[in-house]
>>> print(open('start-v8.pdb').read())   # PDB, C-alpha atoms, pLDDT in the B column
ATOM      1  CA  GLN A 376      35.997 -63.288 -21.019  1.00 74.00           C
ATOM      2  CA  LYS A 377      38.283 -60.486 -22.173  1.00 83.00           C
ATOM      3  CA  GLU A 378      41.416 -61.388 -24.100  1.00 91.00           C
ATOM      4  CA  VAL A 379      43.545 -59.355 -21.663  1.00 95.00           C
ATOM      5  CA  GLU A 380      42.588 -58.935 -18.013  1.00 95.00           C
ATOM      6  CA  GLN A 381      44.002 -56.184 -15.821  1.00 94.00           C
ATOM      7  CA  ASP A 382      42.833 -55.118 -12.367  1.00 86.00           C
ATOM      8  CA  PRO A 383      41.763 -51.462 -12.705  1.00 83.00           C
ATOM      9  CA  GLY A 384      42.691 -50.667  -9.092  1.00 86.00           C
ATOM     10  CA  PRO A 385      42.964 -47.947  -8.002  1.00 93.00           C
ATOM     11  CA  LEU A 386      46.291 -48.532  -6.315  1.00 95.00           C
ATOM     12  CA  SER A 387      47.662 -46.024  -3.790  1.00 96.00           C
ATOM     13  CA  VAL A 388      51.195 -46.333  -2.388  1.00 96.00           C
ATOM     14  CA  PRO A 389      53.542 -44.090  -0.389  1.00 97.00           C
ATOM     15  CA  GLU A 390      56.511 -42.517  -2.095  1.00 97.00           C
ATOM     16  CA  GLY A 391      59.451 -44.901  -2.271  1.00 97.00           C
ATOM     17  CA  ALA A 392      57.326 -48.058  -2.272  1.00 97.00           C
ATOM     18  CA  ILE A 393      57.465 -50.746  -4.931  1.00 97.00           C
ATOM     19  CA  VAL A 394      54.505 -50.726  -7.289  1.00 97.00           C
ATOM     20  CA  SER A 395      53.470 -54.104  -8.651  1.00 97.00           C
ATOM     21  CA  LEU A 396      51.169 -54.334 -11.664  1.00 97.00           C
ATOM     22  CA  ASN A 397      50.074 -57.366 -13.623  1.00 97.00           C
ATOM     23  CA  CYS A 398      47.962 -58.677 -16.471  1.00 97.00           C
ATOM     24  CA  THR A 399      46.769 -62.089 -17.534  1.00 97.00           C
ATOM     25  CA  TYR A 400      45.823 -63.099 -21.052  1.00 97.00           C
ATOM     26  CA  SER A 401      44.163 -65.955 -22.869  1.00 96.00           C
ATOM     27  CA  ASN A 402      45.630 -65.832 -26.390  1.00 95.00           C
ATOM     28  CA  SER A 403      48.652 -68.123 -26.556  1.00 94.00           C
ATOM     29  CA  ALA A 404      49.680 -66.498 -29.855  1.00 93.00           C
ATOM     30  CA  PHE A 405      50.789 -63.327 -28.074  1.00 94.00           C
ATOM     31  CA  GLN A 406      54.554 -62.913 -28.262  1.00 93.00           C
ATOM     32  CA  TYR A 407      55.144 -59.198 -27.776  1.00 93.00           C
ATOM     33  CA  PHE A 408      54.276 -57.570 -24.477  1.00 95.00           C
ATOM     34  CA  MET A 409      54.260 -53.877 -23.736  1.00 95.00           C
ATOM     35  CA  TRP A 410      53.554 -51.509 -20.894  1.00 96.00           C
ATOM     36  CA  TYR A 411      52.220 -48.025 -21.514  1.00 96.00           C
ATOM     37  CA  ARG A 412      51.811 -45.119 -19.105  1.00 97.00           C
ATOM     38  CA  GLN A 413      48.955 -42.683 -19.569  1.00 95.00           C
ATOM     39  CA  TYR A 414      48.627 -39.403 -17.735  1.00 95.00           C
ATOM     40  CA  SER A 415      45.225 -37.802 -17.417  1.00 91.00           C
ATOM     41  CA  ARG A 416      43.910 -36.463 -20.722  1.00 89.00           C
ATOM     42  CA  LYS A 417      47.039 -37.555 -22.565  1.00 92.00           C
ATOM     43  CA  GLY A 418      47.753 -40.357 -25.015  1.00 93.00           C
ATOM     44  CA  PRO A 419      49.523 -43.508 -23.812  1.00 95.00           C
ATOM     45  CA  GLU A 420      53.329 -43.481 -23.948  1.00 94.00           C
ATOM     46  CA  LEU A 421      55.411 -46.601 -24.280  1.00 93.00           C
ATOM     47  CA  LEU A 422      57.406 -47.581 -21.199  1.00 94.00           C
ATOM     48  CA  MET A 423      58.816 -50.975 -22.076  1.00 92.00           C
ATOM     49  CA  TYR A 424      58.374 -53.942 -24.329  1.00 89.00           C
ATOM     50  CA  THR A 425      59.438 -57.551 -23.949  1.00 91.00           C
ATOM     51  CA  TYR A 426      59.561 -60.342 -26.462  1.00 88.00           C
ATOM     52  CA  SER A 427      58.447 -63.792 -25.317  1.00 87.00           C
ATOM     53  CA  SER A 428      59.220 -64.904 -21.765  1.00 87.00           C
ATOM     54  CA  GLY A 429      61.810 -63.328 -19.524  1.00 88.00           C
ATOM     55  CA  ASN A 430      62.697 -60.181 -17.630  1.00 92.00           C
ATOM     56  CA  LYS A 431      63.708 -56.741 -18.799  1.00 94.00           C
ATOM     57  CA  GLU A 432      64.966 -53.908 -16.658  1.00 95.00           C
ATOM     58  CA  ASP A 433      65.137 -50.207 -17.475  1.00 94.00           C
ATOM     59  CA  GLY A 434      66.079 -47.923 -14.636  1.00 96.00           C
ATOM     60  CA  ARG A 435      63.413 -48.180 -11.933  1.00 97.00           C
ATOM     61  CA  PHE A 436      61.160 -50.320 -14.145  1.00 97.00           C
ATOM     62  CA  THR A 437      61.234 -54.111 -14.492  1.00 97.00           C
ATOM     63  CA  ALA A 438      58.967 -56.063 -16.816  1.00 97.00           C
ATOM     64  CA  GLN A 439      58.440 -59.798 -16.474  1.00 96.00           C
ATOM     65  CA  VAL A 440      56.702 -62.206 -18.824  1.00 96.00           C
ATOM     66  CA  ASP A 441      55.708 -65.780 -17.980  1.00 95.00           C
ATOM     67  CA  LYS A 442      54.182 -67.254 -21.127  1.00 94.00           C
ATOM     68  CA  SER A 443      53.578 -70.623 -19.485  1.00 94.00           C
ATOM     69  CA  SER A 444      51.215 -68.924 -17.023  1.00 95.00           C
ATOM     70  CA  LYS A 445      50.036 -66.262 -19.481  1.00 96.00           C
ATOM     71  CA  TYR A 446      50.972 -63.642 -16.911  1.00 95.00           C
ATOM     72  CA  ILE A 447      52.951 -60.414 -17.205  1.00 97.00           C
ATOM     73  CA  SER A 448      54.104 -57.967 -14.557  1.00 97.00           C
ATOM     74  CA  LEU A 449      55.558 -54.495 -14.227  1.00 97.00           C
ATOM     75  CA  PHE A 450      57.429 -53.400 -11.122  1.00 97.00           C
ATOM     76  CA  ILE A 451      58.279 -49.794 -10.320  1.00 98.00           C
ATOM     77  CA  ARG A 452      60.963 -49.375  -7.675  1.00 98.00           C
ATOM     78  CA  ASP A 453      61.424 -46.273  -5.533  1.00 97.00           C
ATOM     79  CA  SER A 454      58.120 -44.895  -6.759  1.00 97.00           C
ATOM     80  CA  GLN A 455      57.740 -41.130  -7.137  1.00 97.00           C
ATOM     81  CA  PRO A 456      54.653 -38.890  -7.179  1.00 97.00           C
ATOM     82  CA  SER A 457      55.411 -38.310 -10.868  1.00 96.00           C
ATOM     83  CA  ASP A 458      54.712 -42.035 -11.437  1.00 97.00           C
ATOM     84  CA  SER A 459      51.045 -41.382 -10.628  1.00 97.00           C
ATOM     85  CA  ALA A 460      49.243 -42.372 -13.821  1.00 97.00           C
ATOM     86  CA  THR A 461      47.268 -45.162 -15.438  1.00 95.00           C
ATOM     87  CA  TYR A 462      49.377 -48.112 -16.561  1.00 97.00           C
ATOM     88  CA  LEU A 463      48.167 -50.183 -19.487  1.00 96.00           C
ATOM     89  CA  CYS A 464      49.474 -53.551 -20.560  1.00 96.00           C
ATOM     90  CA  ALA A 465      49.352 -54.387 -24.251  1.00 95.00           C
ATOM     91  CA  MET A 466      50.285 -57.389 -26.313  1.00 94.00           C
ATOM     92  CA  SER A 467      50.310 -58.681 -29.861  1.00 93.00           C
ATOM     93  CA  ALA A 468      50.908 -61.807 -31.866  1.00 91.00           C
ATOM     94  CA  GLY A 469      53.335 -60.130 -34.205  1.00 85.00           C
ATOM     95  CA  ARG A 470      55.079 -56.838 -34.771  1.00 78.00           C
ATOM     96  CA  ASP A 471      52.696 -55.835 -37.556  1.00 77.00           C
ATOM     97  CA  TYR A 472      49.531 -56.845 -35.730  1.00 80.00           C
ATOM     98  CA  LYS A 473      47.056 -54.839 -33.716  1.00 87.00           C
ATOM     99  CA  LEU A 474      47.729 -54.376 -30.005  1.00 91.00           C
ATOM    100  CA  SER A 475      45.309 -55.833 -27.467  1.00 93.00           C
ATOM    101  CA  PHE A 476      45.115 -53.758 -24.288  1.00 94.00           C
ATOM    102  CA  GLY A 477      44.171 -54.328 -20.688  1.00 94.00           C
ATOM    103  CA  ALA A 478      41.746 -51.942 -18.989  1.00 93.00           C
ATOM    104  CA  GLY A 479      44.580 -50.092 -17.222  1.00 94.00           C
ATOM    105  CA  THR A 480      45.475 -49.747 -13.530  1.00 95.00           C
ATOM    106  CA  THR A 481      45.323 -46.302 -11.950  1.00 95.00           C
ATOM    107  CA  VAL A 482      48.258 -45.690  -9.607  1.00 97.00           C
ATOM    108  CA  THR A 483      48.672 -42.867  -7.116  1.00 97.00           C
ATOM    109  CA  VAL A 484      51.999 -42.350  -5.352  1.00 97.00           C
ATOM    110  CA  ARG A 485      51.518 -40.281  -2.196  1.00 96.00           C
ATOM    111  CA  ALA A 486      54.254 -37.804  -1.235  1.00 94.00           C
TER
ATOM    112  CA  GLY B 911      55.634 -32.175 -36.289  1.00 53.00           C
ATOM    113  CA  ALA B 912      57.577 -34.505 -34.066  1.00 78.00           C
ATOM    114  CA  GLY B 913      54.639 -36.545 -32.810  1.00 93.00           C
ATOM    115  CA  VAL B 914      51.236 -37.890 -33.808  1.00 96.00           C
ATOM    116  CA  SER B 915      48.764 -35.043 -34.127  1.00 97.00           C
ATOM    117  CA  GLN B 916      45.004 -35.436 -33.771  1.00 97.00           C
ATOM    118  CA  SER B 917      42.266 -32.911 -34.381  1.00 97.00           C
ATOM    119  CA  PRO B 918      40.021 -31.704 -33.005  1.00 97.00           C
ATOM    120  CA  SER B 919      41.058 -32.211 -29.384  1.00 96.00           C
ATOM    121  CA  ASN B 920      37.458 -32.079 -28.272  1.00 97.00           C
ATOM    122  CA  LYS B 921      34.242 -32.462 -30.199  1.00 98.00           C
ATOM    123  CA  VAL B 922      30.689 -32.123 -28.926  1.00 98.00           C
ATOM    124  CA  THR B 923      28.032 -33.169 -31.390  1.00 98.00           C
ATOM    125  CA  GLU B 924      24.335 -33.788 -31.392  1.00 97.00           C
ATOM    126  CA  LYS B 925      22.987 -37.301 -31.675  1.00 97.00           C
ATOM    127  CA  GLY B 926      22.416 -38.194 -35.304  1.00 98.00           C
ATOM    128  CA  LYS B 927      25.084 -35.888 -36.730  1.00 98.00           C
ATOM    129  CA  ASP B 928      28.168 -37.098 -38.618  1.00 98.00           C
ATOM    130  CA  VAL B 929      31.674 -36.382 -37.310  1.00 98.00           C
ATOM    131  CA  GLU B 930      35.150 -36.594 -38.805  1.00 98.00           C
ATOM    132  CA  LEU B 931      38.253 -37.128 -36.710  1.00 98.00           C
ATOM    133  CA  ARG B 932      41.698 -36.519 -38.161  1.00 98.00           C
ATOM    134  CA  CYS B 933      45.075 -38.113 -37.486  1.00 98.00           C
ATOM    135  CA  ASP B 934      48.460 -36.901 -38.746  1.00 97.00           C
ATOM    136  CA  PRO B 935      50.992 -39.675 -38.098  1.00 96.00           C
ATOM    137  CA  ILE B 936      54.715 -39.286 -37.589  1.00 95.00           C
ATOM    138  CA  SER B 937      56.417 -38.671 -40.917  1.00 93.00           C
ATOM    139  CA  GLY B 938      57.631 -41.932 -42.447  1.00 91.00           C
ATOM    140  CA  HIS B 939      55.412 -44.170 -40.331  1.00 92.00           C
ATOM    141  CA  THR B 940      53.567 -46.482 -42.678  1.00 91.00           C
ATOM    142  CA  ALA B 941      51.449 -48.233 -40.029  1.00 92.00           C
ATOM    143  CA  LEU B 942      48.526 -46.355 -38.480  1.00 94.00           C
ATOM    144  CA  TYR B 943      46.057 -47.570 -35.850  1.00 94.00           C
ATOM    145  CA  TRP B 944      42.795 -46.206 -34.494  1.00 97.00           C
ATOM    146  CA  TYR B 945      41.642 -47.126 -30.992  1.00 96.00           C
ATOM    147  CA  ARG B 946      38.708 -46.076 -28.837  1.00 97.00           C
ATOM    148  CA  GLN B 947      38.947 -45.570 -25.075  1.00 95.00           C
ATOM    149  CA  SER B 948      35.720 -45.370 -23.113  1.00 91.00           C
ATOM    150  CA  LEU B 949      35.597 -44.188 -19.504  1.00 81.00           C
ATOM    151  CA  GLY B 950      37.289 -46.751 -17.264  1.00 70.00           C
ATOM    152  CA  GLN B 951      37.952 -49.069 -20.185  1.00 76.00           C
ATOM    153  CA  GLY B 952      41.083 -50.116 -21.957  1.00 82.00           C
ATOM    154  CA  LEU B 953      41.823 -49.281 -25.538  1.00 91.00           C
ATOM    155  CA  GLU B 954      39.510 -50.962 -28.020  1.00 93.00           C
ATOM    156  CA  PHE B 955      41.052 -51.621 -31.446  1.00 93.00           C
ATOM    157  CA  LEU B 956      39.127 -50.167 -34.381  1.00 96.00           C
ATOM    158  CA  ILE B 957      41.211 -50.358 -37.554  1.00 95.00           C
ATOM    159  CA  TYR B 958      44.788 -50.762 -38.794  1.00 92.00           C
ATOM    160  CA  PHE B 959      46.268 -49.218 -41.927  1.00 92.00           C
ATOM    161  CA  GLN B 960      49.401 -50.304 -43.704  1.00 90.00           C
ATOM    162  CA  GLY B 961      50.032 -47.522 -46.192  1.00 89.00           C
ATOM    163  CA  ASN B 962      46.647 -46.640 -47.674  1.00 88.00           C
ATOM    164  CA  SER B 963      45.129 -50.095 -47.294  1.00 89.00           C
ATOM    165  CA  ALA B 964      43.385 -51.473 -44.223  1.00 86.00           C
ATOM    166  CA  PRO B 965      44.307 -55.134 -43.742  1.00 84.00           C
ATOM    167  CA  ASP B 966      42.473 -55.254 -40.442  1.00 88.00           C
ATOM    168  CA  LYS B 967      39.227 -53.382 -39.899  1.00 89.00           C
ATOM    169  CA  SER B 968      37.782 -56.019 -37.606  1.00 89.00           C
ATOM    170  CA  GLY B 969      37.291 -53.628 -34.712  1.00 92.00           C
ATOM    171  CA  LEU B 970      34.906 -51.189 -36.368  1.00 94.00           C
ATOM    172  CA  PRO B 971      31.761 -51.558 -34.213  1.00 94.00           C
ATOM    173  CA  SER B 972      29.180 -50.941 -36.923  1.00 94.00           C
ATOM    174  CA  ASP B 973      28.772 -49.777 -40.506  1.00 95.00           C
ATOM    175  CA  ARG B 974      28.356 -46.234 -39.161  1.00 97.00           C
ATOM    176  CA  PHE B 975      32.112 -46.209 -38.657  1.00 97.00           C
ATOM    177  CA  SER B 976      34.519 -45.849 -41.560  1.00 96.00           C
ATOM    178  CA  ALA B 977      38.096 -44.724 -42.020  1.00 96.00           C
ATOM    179  CA  GLU B 978      40.362 -43.840 -44.857  1.00 95.00           C
ATOM    180  CA  ARG B 979      43.966 -42.943 -45.313  1.00 95.00           C
ATOM    181  CA  THR B 980      45.321 -40.970 -48.230  1.00 88.00           C
ATOM    182  CA  GLY B 981      48.863 -40.581 -49.507  1.00 87.00           C
ATOM    183  CA  GLY B 982      50.056 -43.012 -46.869  1.00 84.00           C
ATOM    184  CA  SER B 983      49.823 -40.217 -44.353  1.00 92.00           C
ATOM    185  CA  VAL B 984      46.738 -38.474 -42.948  1.00 96.00           C
ATOM    186  CA  SER B 985      43.838 -40.632 -41.816  1.00 97.00           C
ATOM    187  CA  THR B 986      40.222 -39.685 -41.188  1.00 97.00           C
ATOM    188  CA  LEU B 987      37.813 -41.636 -39.000  1.00 98.00           C
ATOM    189  CA  THR B 988      34.175 -40.885 -39.815  1.00 98.00           C
ATOM    190  CA  ILE B 989      31.233 -41.715 -37.595  1.00 98.00           C
ATOM    191  CA  GLN B 990      27.843 -41.329 -39.224  1.00 98.00           C
ATOM    192  CA  ARG B 991      24.572 -40.776 -37.354  1.00 98.00           C
ATOM    193  CA  THR B 992      26.362 -40.556 -34.022  1.00 98.00           C
ATOM    194  CA  GLN B 993      24.835 -42.217 -30.974  1.00 97.00           C
ATOM    195  CA  GLN B 994      25.444 -41.494 -27.292  1.00 96.00           C
ATOM    196  CA  GLU B 995      27.363 -44.754 -26.904  1.00 94.00           C
ATOM    197  CA  ASP B 996      29.910 -43.394 -29.397  1.00 96.00           C
ATOM    198  CA  SER B 997      31.083 -40.942 -26.728  1.00 96.00           C
ATOM    199  CA  ALA B 998      34.710 -41.820 -25.974  1.00 97.00           C
ATOM    200  CA  VAL B 999      38.293 -40.753 -26.577  1.00 97.00           C
ATOM    201  CA  TYR B1000      39.459 -41.765 -30.041  1.00 98.00           C
ATOM    202  CA  LEU B1001      43.199 -42.396 -30.159  1.00 97.00           C
ATOM    203  CA  CYS B1002      45.443 -42.719 -33.163  1.00 97.00           C
ATOM    204  CA  ALA B1003      48.883 -44.330 -33.164  1.00 95.00           C
ATOM    205  CA  SER B1004      51.552 -44.764 -35.796  1.00 94.00           C
ATOM    206  CA  SER B1005      54.661 -46.874 -36.197  1.00 91.00           C
ATOM    207  CA  LEU B1006      57.088 -48.103 -38.774  1.00 86.00           C
ATOM    208  CA  PHE B1007      55.755 -51.195 -40.511  1.00 78.00           C
ATOM    209  CA  GLY B1008      56.472 -54.273 -38.462  1.00 76.00           C
ATOM    210  CA  GLU B1009      57.350 -52.173 -35.431  1.00 77.00           C
ATOM    211  CA  ASN B1010      54.174 -52.059 -33.360  1.00 77.00           C
ATOM    212  CA  THR B1011      56.373 -52.371 -30.295  1.00 76.00           C
ATOM    213  CA  GLU B1012      57.361 -48.782 -31.047  1.00 83.00           C
ATOM    214  CA  ALA B1013      53.904 -47.339 -31.638  1.00 89.00           C
ATOM    215  CA  PHE B1014      53.431 -43.683 -30.733  1.00 93.00           C
ATOM    216  CA  PHE B1015      50.042 -42.318 -29.746  1.00 95.00           C
ATOM    217  CA  GLY B1016      48.453 -38.952 -30.261  1.00 96.00           C
ATOM    218  CA  GLN B1017      46.615 -37.159 -27.470  1.00 95.00           C
ATOM    219  CA  GLY B1018      43.267 -38.263 -28.756  1.00 96.00           C
ATOM    220  CA  THR B1019      39.972 -36.654 -29.702  1.00 98.00           C
ATOM    221  CA  ARG B1020      37.416 -36.552 -26.907  1.00 97.00           C
ATOM    222  CA  LEU B1021      34.018 -37.051 -28.535  1.00 97.00           C
ATOM    223  CA  THR B1022      30.847 -36.260 -26.636  1.00 97.00           C
ATOM    224  CA  VAL B1023      27.490 -37.032 -28.229  1.00 97.00           C
ATOM    225  CA  VAL B1024      24.607 -35.156 -26.598  1.00 97.00           C
TER
END
>>> encode(input="start-v8.pdb", output="structure tokens")
Amino acid sequence: QKEVEQDPGPLSVPEGAIVSLNCTYSNSAFQYFMWYRQYSRKGPELLMYTYSSGNKEDGRFTAQVDKSSKYISLFIRDSQPSDSATYLCAMSAGRDYKLSFGAGTTVTVRA
Amino acid sequence: GAGVSQSPSNKVTEKGKDVELRCDPISGHTALYWYRQSLGQGLEFLIYFQGNSAPDKSGLPSDRFSAERTGGSVSTLTIQRTQQEDSAVYLCASSLFGENTEAFFGQGTRLTVV
């Protein structure tokens, strides 16, 4: 079993829809949770990070962490075609530790 | 430069040859990470540098893989006697020490072993 599980999709939604992405994990030591966006043939870029359980909102993006269920989510509201990318969850046990990544979910937002 | 720079962008090599991949981190970033991304897979951790030392090299898949970092800056990942299964995108990231939540990635080196 992988340490971080993420449904690879693909996920296709119409413009303006809410995109819902999630990951589950098995390592209870994880405390820092991140979401990266990766466009084709580019390196991942950090979208958001959350420490421990709770919600964090940044513009159209909301990240949620439920440590009791070992489950994290990313919601994208009012999705745009420019949001079409692969979204990767990542997590670590500490801020100077390696990051463990999910496989990534490919999202297409149709105009 | 402003970001993490990796070279070459693409590398095609014959099976059995050695390759060197280079990473120039963001100036001042003491932490440097190498990851490998195979088609349809997530990022697989290879090695982590803090300054010039590598406190975590647990992800290196075999002794054909090695990495070094000099002057607390540039890092080189070397793959000896390349195999077809080494074909992947090799990504480098850097951050301030203790700030992996603010890690910045380069664009990667796409390695193809034929």
>>> residues_around(input="start-v8.pdb", residues="segment 918-922 of chain B", least_positions_apart="3", cutoff="10 Å", atoms="only C-alpha atoms", output="CSV table (one decimal) with C-alpha atoms, in the frame of the given file")
chain,number,residue,atom,x,y,z
B,915,SER,CA,48.8,-35.0,-34.1
B,925,LYS,CA,23.0,-37.3,-31.7
B,929,VAL,CA,31.7,-36.4,-37.3
B,930,GLU,CA,35.2,-36.6,-38.8
B,931,LEU,CA,38.3,-37.1,-36.7
B,932,ARG,CA,41.7,-36.5,-38.2
B,933,CYS,CA,45.1,-38.1,-37.5
B,997,SER,CA,31.1,-40.9,-26.7
B,999,VAL,CA,38.3,-40.8,-26.6
B,1000,TYR,CA,39.5,-41.8,-30.0
B,1017,GLN,CA,46.6,-37.2,-27.5
B,1018,GLY,CA,43.3,-38.3,-28.8
B,1019,THR,CA,40.0,-36.7,-29.7
B,1020,ARG,CA,37.4,-36.6,-26.9
B,1021,LEU,CA,34.0,-37.1,-28.5
B,1022,THR,CA,30.8,-36.3,-26.6
B,1023,VAL,CA,27.5,-37.0,-28.2
B,1024,VAL,CA,24.6,-35.2,-26.6
>>> interface_residues(input="start-v8.pdb", of="chain A", to="chain B", cutoff="9 Å", atoms="all atoms listed in the file", output="ChimeraX atom specification")
/A:383,407-409,416-421,423-425,463,466-467,469-479
>>> atom_distance(input="start-v8.pdb", atom1="atom CA of Asp934 of chain B", atom2="atom CA of Ala964 of chain B")
16.4 Å
>>> axis_aligned_box(input="start-v8.pdb", around="segment 385-399 of chain A", padding_each_side="4 Å", output="JSON")
{"center_x": 51.2, "center_y": -52.3, "center_z": -9.0, "size_x": 24.5, "size_y": 27.6, "size_z": 25.1}
>>> atom_distance(input="start-v8.pdb", atom1="atom CA of Asp382 of chain A", atom2="atom CA of Ser427 of chain A")
22.1 Å
>>> closest_residue(input="start-v8.pdb", among="A:Val388, A:Ala468, A:Ala460, A:Leu422", to="Asn402 of chain A", atoms="all atoms listed in the file")
A:Ala468
>>> atom_distance(input="start-v8.pdb", atom1="atom CA of Thr437 of chain A", atom2="atom CA of Pro385 of chain A")
20.3 Å
>>> resolve_selection(input="start-v8.pdb", expression="the PyMOL selection byres ((chain A and resi 442) around 12)", output="list in words")
Cys398, Thr399, Tyr400, Ser401, Asn402, Ser403, Ala404, Phe405, Gln406, Tyr407, Phe408, Thr425, Tyr426, Ser427, Ser428, Gly429, Asn430, Gln439, Val440, Asp441, Ser443, Ser444, Lys445, Tyr446, Ile447, Ser448 and Met466 of chain A
>>> closest_residue(input="start-v8.pdb", among="B:Gln916, B:Ser937, B:Ser968, B:Thr923", to="Ser985 of chain B", atoms="only C-alpha atoms")
B:Gln916
>>> resolve_selection(input="start-v8.pdb", expression="the PyMOL selection byres ((chain A and resi 392-396) around 7)", output="short mmCIF file (atom, residue, chain, number, x, y, z; two decimals) with C-alpha atoms, in the coordinates of the input")
data_model
loop_
_atom_site.label_atom_id
_atom_site.label_comp_id
_atom_site.auth_asym_id
_atom_site.auth_seq_id
_atom_site.Cartn_x
_atom_site.Cartn_y
_atom_site.Cartn_z
CA VAL A 388 51.20 -46.33 -2.39
CA PRO A 389 53.54 -44.09 -0.39
CA GLU A 390 56.51 -42.52 -2.10
CA GLY A 391 59.45 -44.90 -2.27
CA ASN A 397 50.07 -57.37 -13.62
CA SER A 448 54.10 -57.97 -14.56
CA LEU A 449 55.56 -54.50 -14.23
CA PHE A 450 57.43 -53.40 -11.12
CA ILE A 451 58.28 -49.79 -10.32
CA ARG A 452 60.96 -49.38 -7.68
CA ASP A 453 61.42 -46.27 -5.53
CA SER A 454 58.12 -44.90 -6.76
#
